[in-house]
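S.K.: Input structure: data37.tsv, which contains TSV, C-alpha atoms.
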```
chain	number	residue	atom	x	y	z
A	1	MET	CA	105.17	-65.39	21.67
A	2	ASN	CA	106.71	-68.18	23.71
A	3	LEU	CA	109.51	-67.18	26.09
A	4	ASP	CA	111.84	-69.88	24.77
A	5	ASP	CA	111.29	-68.63	21.23
A	6	MET	CA	111.97	-65.07	22.32
A	7	LEU	CA	115.20	-66.12	23.99
A	8	LYS	CA	116.28	-68.20	21.01
A	9	ASP	CA	115.50	-65.28	18.75
A	10	GLN	CA	117.86	-63.05	20.70
A	11	ASP	CA	118.86	-59.77	19.21
A	12	LYS	CA	121.65	-59.90	16.68
A	13	ILE	CA	123.83	-56.89	17.26
A	14	GLU	CA	124.90	-55.31	13.99
A	15	ASP	CA	128.64	-55.17	13.58
A	16	LYS	CA	128.72	-51.51	12.46
A	17	GLY	CA	132.51	-51.36	12.36
A	18	PHE	CA	133.07	-53.13	15.67
A	19	SER	CA	135.16	-55.96	14.17
A	20	ALA	CA	137.23	-53.50	12.14
A	21	GLN	CA	137.91	-51.49	15.30
A	22	VAL	CA	139.06	-54.62	17.13
A	23	MET	CA	141.30	-55.62	14.24
A	24	SER	CA	142.83	-52.15	14.05
A	25	ARG	CA	143.96	-52.52	17.66
A	26	ILE	CA	145.59	-55.88	17.13
A	27	PRO	CA	149.40	-55.71	17.05
A	28	LYS	CA	150.96	-55.83	13.61
A	29	LYS	CA	151.68	-59.22	12.20
A	30	ARG	CA	154.86	-60.76	13.47
A	31	LYS	CA	157.30	-60.75	10.60
A	32	SER	CA	157.93	-64.26	9.54
A	33	LYS	CA	161.63	-64.98	9.67
A	34	ARG	CA	161.27	-68.38	8.06
A	35	SER	CA	162.07	-67.51	4.47
A	36	PHE	CA	164.94	-65.28	5.59
A	37	ILE	CA	166.40	-68.06	7.74
A	38	LEU	CA	166.08	-70.69	5.04
A	39	GLY	CA	167.52	-68.39	2.37
A	40	THR	CA	170.47	-67.43	4.53
A	41	CYS	CA	171.17	-71.03	5.46
A	42	LEU	CA	171.04	-72.12	1.85
A	43	ALA	CA	173.48	-69.37	0.89
A	44	ILE	CA	175.87	-70.23	3.74
A	45	GLY	CA	175.62	-73.94	2.96
A	46	SER	CA	176.31	-73.35	-0.73
A	47	VAL	CA	179.33	-71.12	-0.12
A	48	THR	CA	180.77	-73.49	2.50
A	49	SER	CA	180.36	-76.60	0.42
A	50	PHE	CA	181.74	-74.86	-2.66
A	51	TYR	CA	184.79	-73.74	-0.67
A	52	PHE	CA	185.51	-77.19	0.74
A	53	LEU	CA	184.68	-79.36	-2.20
A	54	THR	CA	186.01	-77.61	-5.29
A	55	ASP	CA	189.64	-78.66	-4.81
A	56	ARG	CA	189.08	-81.98	-3.08
A	57	ASN	CA	189.12	-84.51	-5.86
A	58	SER	CA	188.98	-87.46	-3.53
A	59	LEU	CA	185.60	-86.40	-2.25
A	60	THR	CA	184.33	-85.61	-5.71
A	61	ASN	CA	185.39	-89.03	-6.93
A	62	LEU	CA	183.20	-90.70	-4.36
A	63	PHE	CA	180.23	-89.61	-6.32
A	64	ASN	CA	179.44	-90.20	-9.93
A	65	SER	CA	178.34	-86.68	-10.57
A	66	PRO	CA	180.57	-83.74	-9.60
A	67	ALA	CA	177.48	-81.77	-8.59
A	68	LEU	CA	176.19	-84.44	-6.21
A	69	PRO	CA	178.53	-83.96	-3.24
A	70	PHE	CA	178.04	-80.25	-3.49
A	71	ALA	CA	174.31	-80.63	-3.37
A	72	ILE	CA	174.38	-83.16	-0.53
A	73	VAL	CA	176.71	-81.18	1.69
A	74	ALA	CA	174.84	-77.95	0.95
A	75	LEU	CA	171.61	-79.66	1.86
A	76	ALA	CA	173.04	-81.15	5.07
A	77	ILE	CA	174.42	-77.83	6.23
A	78	THR	CA	171.21	-76.07	5.30
A	79	ILE	CA	169.05	-78.56	7.17
A	80	CYS	CA	171.22	-78.45	10.30
A	81	MET	CA	171.50	-74.69	10.45
A	82	GLY	CA	167.96	-74.14	9.31
A	83	SER	CA	166.59	-76.44	12.01
A	84	LEU	CA	168.59	-74.75	14.72
A	85	LEU	CA	167.64	-71.26	13.63
A	86	TYR	CA	164.01	-72.21	13.03
A	87	VAL	CA	163.69	-73.51	16.59
A	88	ALA	CA	165.45	-70.42	17.90
A	89	ASN	CA	163.11	-68.20	15.88
A	90	GLU	CA	160.03	-69.95	17.23
A	91	GLU	CA	161.34	-69.54	20.77
A	92	LEU	CA	162.35	-65.92	20.32
A	93	PHE	CA	159.37	-64.62	18.39
A	94	SER	CA	156.47	-66.64	19.79
B	1	MET	CA	135.81	-71.80	1.88
B	2	ILE	CA	134.22	-71.60	5.33
B	3	LEU	CA	136.50	-72.72	8.12
B	4	ASN	CA	135.27	-73.85	11.50
B	5	ASP	CA	136.47	-72.32	14.78
B	6	LYS	CA	139.13	-74.96	15.32
B	7	GLU	CA	140.64	-74.39	11.90
B	8	LEU	CA	140.54	-70.62	12.30
B	9	VAL	CA	142.25	-70.87	15.70
B	10	THR	CA	144.92	-73.14	14.24
B	11	ARG	CA	145.61	-70.62	11.48
B	12	VAL	CA	145.98	-67.79	13.99
B	13	GLN	CA	148.28	-69.91	16.15
B	14	ALA	CA	150.42	-71.16	13.28
B	15	TYR	CA	150.60	-68.16	10.96
B	16	ASP	CA	149.38	-65.27	13.07
B	17	ASP	CA	146.63	-65.06	10.47
B	18	HIS	CA	144.75	-61.81	11.06
B	19	TYR	CA	142.07	-62.67	8.54
B	20	ALA	CA	141.27	-65.87	10.45
B	21	PHE	CA	141.05	-63.93	13.71
B	22	SER	CA	138.78	-61.34	12.11
B	23	GLN	CA	136.42	-64.17	11.14
B	24	LEU	CA	136.25	-65.22	14.77
B	25	VAL	CA	135.60	-61.62	15.86
B	26	LYS	CA	132.81	-61.26	13.28
B	27	LYS	CA	131.22	-64.51	14.36
B	28	TYR	CA	131.27	-63.82	18.09
B	29	GLN	CA	130.92	-60.05	18.32
B	30	SER	CA	127.15	-60.17	18.53
B	31	PRO	CA	126.71	-62.82	21.25
B	32	LEU	CA	129.59	-61.48	23.32
B	33	ARG	CA	128.39	-57.88	23.14
B	34	LEU	CA	124.83	-58.94	23.98
B	35	PHE	CA	126.10	-60.99	26.94
B	36	LEU	CA	128.10	-58.03	28.28
B	37	ARG	CA	125.32	-55.52	27.61
B	38	ARG	CA	122.94	-57.58	29.66
B	39	LEU	CA	125.44	-57.96	32.46
B	40	LEU	CA	125.96	-54.20	32.42
B	41	ASN	CA	122.22	-53.45	32.48
B	42	GLY	CA	122.10	-52.25	28.90
B	43	ASP	CA	125.14	-49.94	29.03
B	44	GLU	CA	126.13	-50.34	25.37
B	45	ALA	CA	129.27	-48.21	25.39
B	46	ARG	CA	130.81	-49.96	28.39
B	47	ALA	CA	129.81	-53.36	27.08
B	48	ASP	CA	131.40	-52.68	23.70
B	49	ASP	CA	134.62	-51.44	25.31
B	50	LEU	CA	134.72	-54.56	27.41
B	51	ALA	CA	134.01	-56.75	24.38
B	52	GLN	CA	136.92	-55.11	22.55
B	53	GLU	CA	139.22	-55.73	25.47
B	54	THR	CA	138.02	-59.32	25.58
B	55	PHE	CA	138.90	-59.91	21.92
B	56	LEU	CA	142.29	-58.26	22.30
B	57	LEU	CA	143.09	-60.37	25.33
B	58	ALA	CA	141.87	-63.47	23.51
B	59	TYR	CA	144.20	-62.65	20.63
B	60	ARG	CA	147.16	-62.27	22.98
B	61	LYS	CA	146.33	-65.50	24.81
B	62	LEU	CA	145.38	-67.52	21.76
B	63	GLU	CA	148.84	-68.98	21.39
B	64	ARG	CA	148.39	-70.73	24.72
B	65	PHE	CA	144.86	-71.95	23.93
B	66	GLU	CA	145.06	-75.73	23.93
B	67	GLY	CA	141.59	-76.49	22.69
B	68	ARG	CA	140.43	-78.36	25.79
B	69	SER	CA	137.17	-76.44	25.52
B	70	SER	CA	135.56	-74.87	22.49
B	71	PHE	CA	136.75	-71.44	21.37
B	72	ALA	CA	133.34	-69.98	22.30
B	73	THR	CA	133.58	-71.32	25.86
B	74	TRP	CA	137.09	-69.97	26.24
B	75	LEU	CA	136.13	-66.56	24.81
B	76	PHE	CA	133.10	-66.16	27.05
B	77	ALA	CA	135.18	-67.15	30.08
B	78	ILE	CA	137.59	-64.34	29.21
B	79	GLY	CA	134.64	-61.97	28.76
B	80	LYS	CA	133.22	-62.94	32.12
B	81	ASN	CA	136.58	-62.43	33.82
B	82	GLN	CA	137.00	-59.04	32.14
B	83	PHE	CA	133.55	-58.08	33.39
B	84	LEU	CA	134.40	-59.20	36.93
B	85	GLN	CA	137.64	-57.25	36.86
B	86	GLN	CA	135.82	-54.11	35.83
B	87	MET	CA	133.19	-54.65	38.50
B	88	ARG	CA	135.88	-55.00	41.14
B	89	LYS	CA	137.46	-51.77	39.96
B	90	SER	CA	134.25	-49.79	39.97
B	91	LYS	CA	132.10	-51.51	42.56
B	92	GLN	CA	133.88	-53.63	45.11
B	93	ASN	CA	130.88	-55.47	46.50
B	94	PHE	CA	129.57	-56.95	43.26
B	95	SER	CA	128.03	-60.35	43.63
B	96	TRP	CA	126.49	-62.61	41.00
B	97	GLU	CA	123.71	-63.29	43.44
B	98	GLU	CA	122.85	-59.69	44.23
B	99	ASP	CA	119.26	-58.67	43.71
B	100	SER	CA	118.61	-56.33	40.86
B	101	SER	CA	118.20	-52.68	41.73
B	102	GLN	CA	115.18	-52.71	39.46
B	103	GLU	CA	112.17	-54.09	41.28
B	104	MET	CA	109.86	-56.61	39.67
B	105	MET	CA	107.34	-54.23	38.23
B	106	ASP	CA	103.79	-55.13	37.53
B	107	GLY	CA	103.77	-53.96	33.98
B	108	GLY	CA	105.83	-50.96	34.80
B	109	PHE	CA	108.25	-51.15	31.91
B	110	GLU	CA	108.59	-48.32	29.54
B	111	ASP	CA	106.27	-48.81	26.63
B	112	SER	CA	108.28	-50.90	24.20
B	113	LYS	CA	107.75	-51.30	20.51
B	114	SER	CA	108.70	-54.94	20.24
B	115	ASN	CA	108.91	-58.17	22.18
B	116	ARG	CA	112.66	-57.91	22.03
B	117	MET	CA	112.69	-54.60	23.78
B	118	ASP	CA	110.27	-55.99	26.34
B	119	LEU	CA	112.66	-58.85	26.88
B	120	GLU	CA	115.64	-56.54	27.34
B	121	GLU	CA	113.70	-54.55	29.92
B	122	ALA	CA	112.53	-57.71	31.65
B	123	MET	CA	116.11	-58.96	31.82
B	124	LYS	CA	116.91	-56.11	34.17
B	125	VAL	CA	114.83	-57.63	36.97
B	126	LEU	CA	117.04	-60.74	36.99
B	127	ARG	CA	120.07	-61.22	39.17
B	128	PRO	CA	123.39	-60.98	37.29
B	129	ILE	CA	123.93	-64.74	37.49
B	130	GLU	CA	120.50	-65.40	35.99
B	131	ARG	CA	121.03	-62.87	33.23
B	132	ALA	CA	124.42	-64.39	32.41
B	133	VAL	CA	123.34	-68.02	32.27
B	134	ILE	CA	120.08	-67.41	30.42
B	135	THR	CA	121.82	-65.28	27.81
B	136	MET	CA	124.57	-67.81	27.20
B	137	CYS	CA	122.39	-70.91	27.27
B	138	TYR	CA	120.38	-69.62	24.34
B	139	PHE	CA	123.39	-69.14	22.08
B	140	GLU	CA	123.73	-71.87	19.50
B	141	ASP	CA	127.40	-72.43	20.17
B	142	LEU	CA	127.17	-72.99	23.92
B	143	THR	CA	125.79	-76.03	25.69
B	144	HIS	CA	124.75	-76.14	29.35
B	145	GLU	CA	128.05	-77.89	30.09
B	146	ASP	CA	129.94	-75.05	28.41
B	147	VAL	CA	128.05	-72.44	30.42
B	148	SER	CA	128.63	-74.28	33.68
B	149	GLN	CA	132.33	-74.33	32.81
B	150	ILE	CA	132.37	-70.61	32.00
B	151	MET	CA	130.54	-69.64	35.17
B	152	GLU	CA	132.35	-72.28	37.27
B	153	LEU	CA	129.02	-73.61	38.49
B	154	PRO	CA	127.80	-77.18	38.96
B	155	LEU	CA	125.32	-78.20	36.27
B	156	GLY	CA	122.52	-78.54	38.85
B	157	SER	CA	122.98	-74.97	40.10
B	158	LEU	CA	123.09	-73.72	36.54
B	159	LYS	CA	119.75	-75.35	35.76
B	160	THR	CA	118.26	-73.88	38.93
B	161	HIS	CA	119.40	-70.39	37.94
B	162	ILE	CA	117.95	-70.84	34.46
B	163	LYS	CA	114.63	-72.06	35.85
B	164	ARG	CA	114.35	-69.24	38.38
B	165	GLY	CA	115.40	-66.66	35.84
B	166	LYS	CA	112.87	-67.84	33.30
B	167	GLU	CA	110.11	-67.79	35.91
B	168	LYS	CA	110.98	-64.20	36.76
B	169	LEU	CA	111.09	-63.28	33.09
B	170	GLN	CA	107.70	-64.82	32.44
B	171	LYS	CA	106.22	-63.02	35.40
B	172	ALA	CA	107.73	-59.72	34.34
B	173	LEU	CA	106.61	-60.11	30.75
B	174	GLN	CA	103.11	-61.14	31.80
B	175	GLY	CA	102.90	-58.08	33.98
B	176	HIS	CA	103.76	-56.11	30.91
B	177	GLN	CA	101.04	-57.90	28.96
B	178	ASN	CA	98.46	-57.14	31.65
B	179	HIS	CA	99.40	-53.53	31.29
B	180	GLY	CA	98.23	-53.55	27.72
B	181	SER	CA	101.24	-54.56	25.75
B	182	ARG	CA	102.00	-57.80	23.93
B	183	GLY	CA	102.63	-60.73	26.18
B	184	VAL	CA	104.26	-64.07	26.45
B	185	LYS	CA	102.80	-67.54	26.47
B	186	VAL	CA	103.87	-69.40	29.58
```
Can you give me the file's structure in the form of structure tokens?
M.R.:
Amino acid sequence: MNLDDMLKDQDKIEDKGFSAQVMSRIPKKRKSKRSFILGTCLAIGSVTSFYFLTDRNSLTNLFNSPALPFAIVALAITICMGSLLYVANEELFS
Amino acid sequence: MILNDKELVTRVQAYDDHYAFSQLVKKYQSPLRLFLRRLLNGDEARADDLAQETFLLAYRKLERFEGRSSFATWLFAIGKNQFLQQMRKSKQNFSWEEDSSQEMMDGGFEDSKSNRMDLEEAMKVLRPIERAVITMCYFEDLTHEDVSQIMELPLGSLKTHIKRGKEKLQKALQGHQNHGSRGVKV
């Protein structure tokens, strides 16, 4: 047998539980905080916008639909807070 | 769906995907363990411990892996450094260029049952640097450029080590053949 062929045909080492052993030693998965952050932000945004907008007719009149300002402000607050917390989460848990 | 190394690495980096990392471990466990076994003169237990440490370190460092080289190159570089660290701990005067403690024997290997075993025995007459580069250069996923990067060697020196190592292997395996076992075409 040619030496090159022998070297190309190098022994394949059977796994025999090696990979499982490595994986068992790997630290547990970092808990993703993303859904928690987004859920919390949405809740805070909803409560805040509801509090500020329910008795302010002038703001409500700016929009055709009474639900629209609520949705827009809730979304804005959610995006702002969510972005800030998301970045903080990436920094803290990476 | 079969993902390539780059995609698997991205999944580990983005989602801490353990399944993706396990695919990388499964793919590279054999070449990495073989590489370390040969460097450690066939000491399977030590090589496997070192391979485990290499994968664990790779997992911890993966977040900072920027993909300038292939995953295989990066992993083998970690493996090599882990090996060197262990050598320094146990044997301070280790050198890649040191001559093997096993002399070039004229057919003096233990009687082996297969060419592969003959090859593993013959590997022991090589210097560590020759064993390392020959082993890596014959893996599908590593090019000569990758190996020169892992070993921090110029490409010319790498080729010289491969050539010398192969000459020694041929000589050793022919000696084995002359002693009545199967041989190797030069």
S.K.: Excluding B:Phe94 and residues on its chain fewer than 6 positions from it, collect all residues at most 12 Å away from it, counting all atoms listed in the file, and give them as an mmCIF file with C-alpha atoms, in the coordinates of the input.
M.R.:
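Final output, saved to result_0.cif:
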```
data_model
loop_
_atom_site.group_PDB
_atom_site.id
_atom_site.type_symbol
_atom_site.label_atom_id
_atom_site.label_comp_id
_atom_site.auth_asym_id
_atom_site.auth_seq_id
_atom_site.Cartn_x
_atom_site.Cartn_y
_atom_site.Cartn_z
ATOM 1 C CA LEU B 39 125.440 -57.960 32.460
ATOM 2 C CA LEU B 40 125.960 -54.200 32.420
ATOM 3 C CA PHE B 83 133.550 -58.080 33.390
ATOM 4 C CA LEU B 84 134.400 -59.200 36.930
ATOM 5 C CA GLN B 85 137.640 -57.250 36.860
ATOM 6 C CA GLN B 86 135.820 -54.110 35.830
ATOM 7 C CA MET B 87 133.190 -54.650 38.500
ATOM 8 C CA ARG B 88 135.880 -55.000 41.140
ATOM 9 C CA SER B 100 118.610 -56.330 40.860
ATOM 10 C CA ARG B 127 120.070 -61.220 39.170
ATOM 11 C CA PRO B 128 123.390 -60.980 37.290
ATOM 12 C CA ILE B 129 123.930 -64.740 37.490
#
```
S.K.: Could you work out which residues of chain A fall inside 6 Å of chain B? Count all atoms listed in the file, and format the result as number ranges by chain.
M.R.: A: 1-2, 8, 12-13, 19, 22
S.K.: Counting only C-alpha atoms, which of B:Lys171, B:Phe65, B:Phe35, B:Ile162 gets nearest to A:Gln10?
M.R.: B:Phe35
S.K.: Which distance in Å separates atom CA of B:Lys80 and atom CA of B:Leu50, to one decimal?
M.R.: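 Value for the atom CA of B:Lys80-atom CA of B:Leu50 distance: 9.7 Å.
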S.K.: Which residue, B:Lys168, B:Leu158, B:Glu44, B:Met136, has the smallest gap to B:Thr73 when you use all atoms listed in the file?
M.R.: B:Met136
S.K.: How many Å separate atom CA of B:Ala122 from atom CA of A:Phe18?
M.R.: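 Computing it gives 26.4 Å between the two atoms.
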S.K.: To one decimal place in Å, what is the distance between atom CA of A:Ala20 and atom CA of B:Arg37?
M.R.: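 Distance between the two atoms: 19.6 Å.
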S.K.: Please determine, counting all atoms listed in the file, which residue among A:Ile77, A:Phe36, A:Leu3, A:Ile26 has the shortest atom-to-atom distance to B:Met123.
M.R.: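 The closest residue to B:Met123 is A:Leu3.
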S.K.: Identify which of the residues B:Asn4, B:Gly175, B:Leu75, B:Gly165 lies closest to B:Lys124, counting all atoms listed in the file when measuring atom-to-atom distances.
M.R.: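 Looking at the shortest contact to B:Lys124, the residue is B:Gly165.
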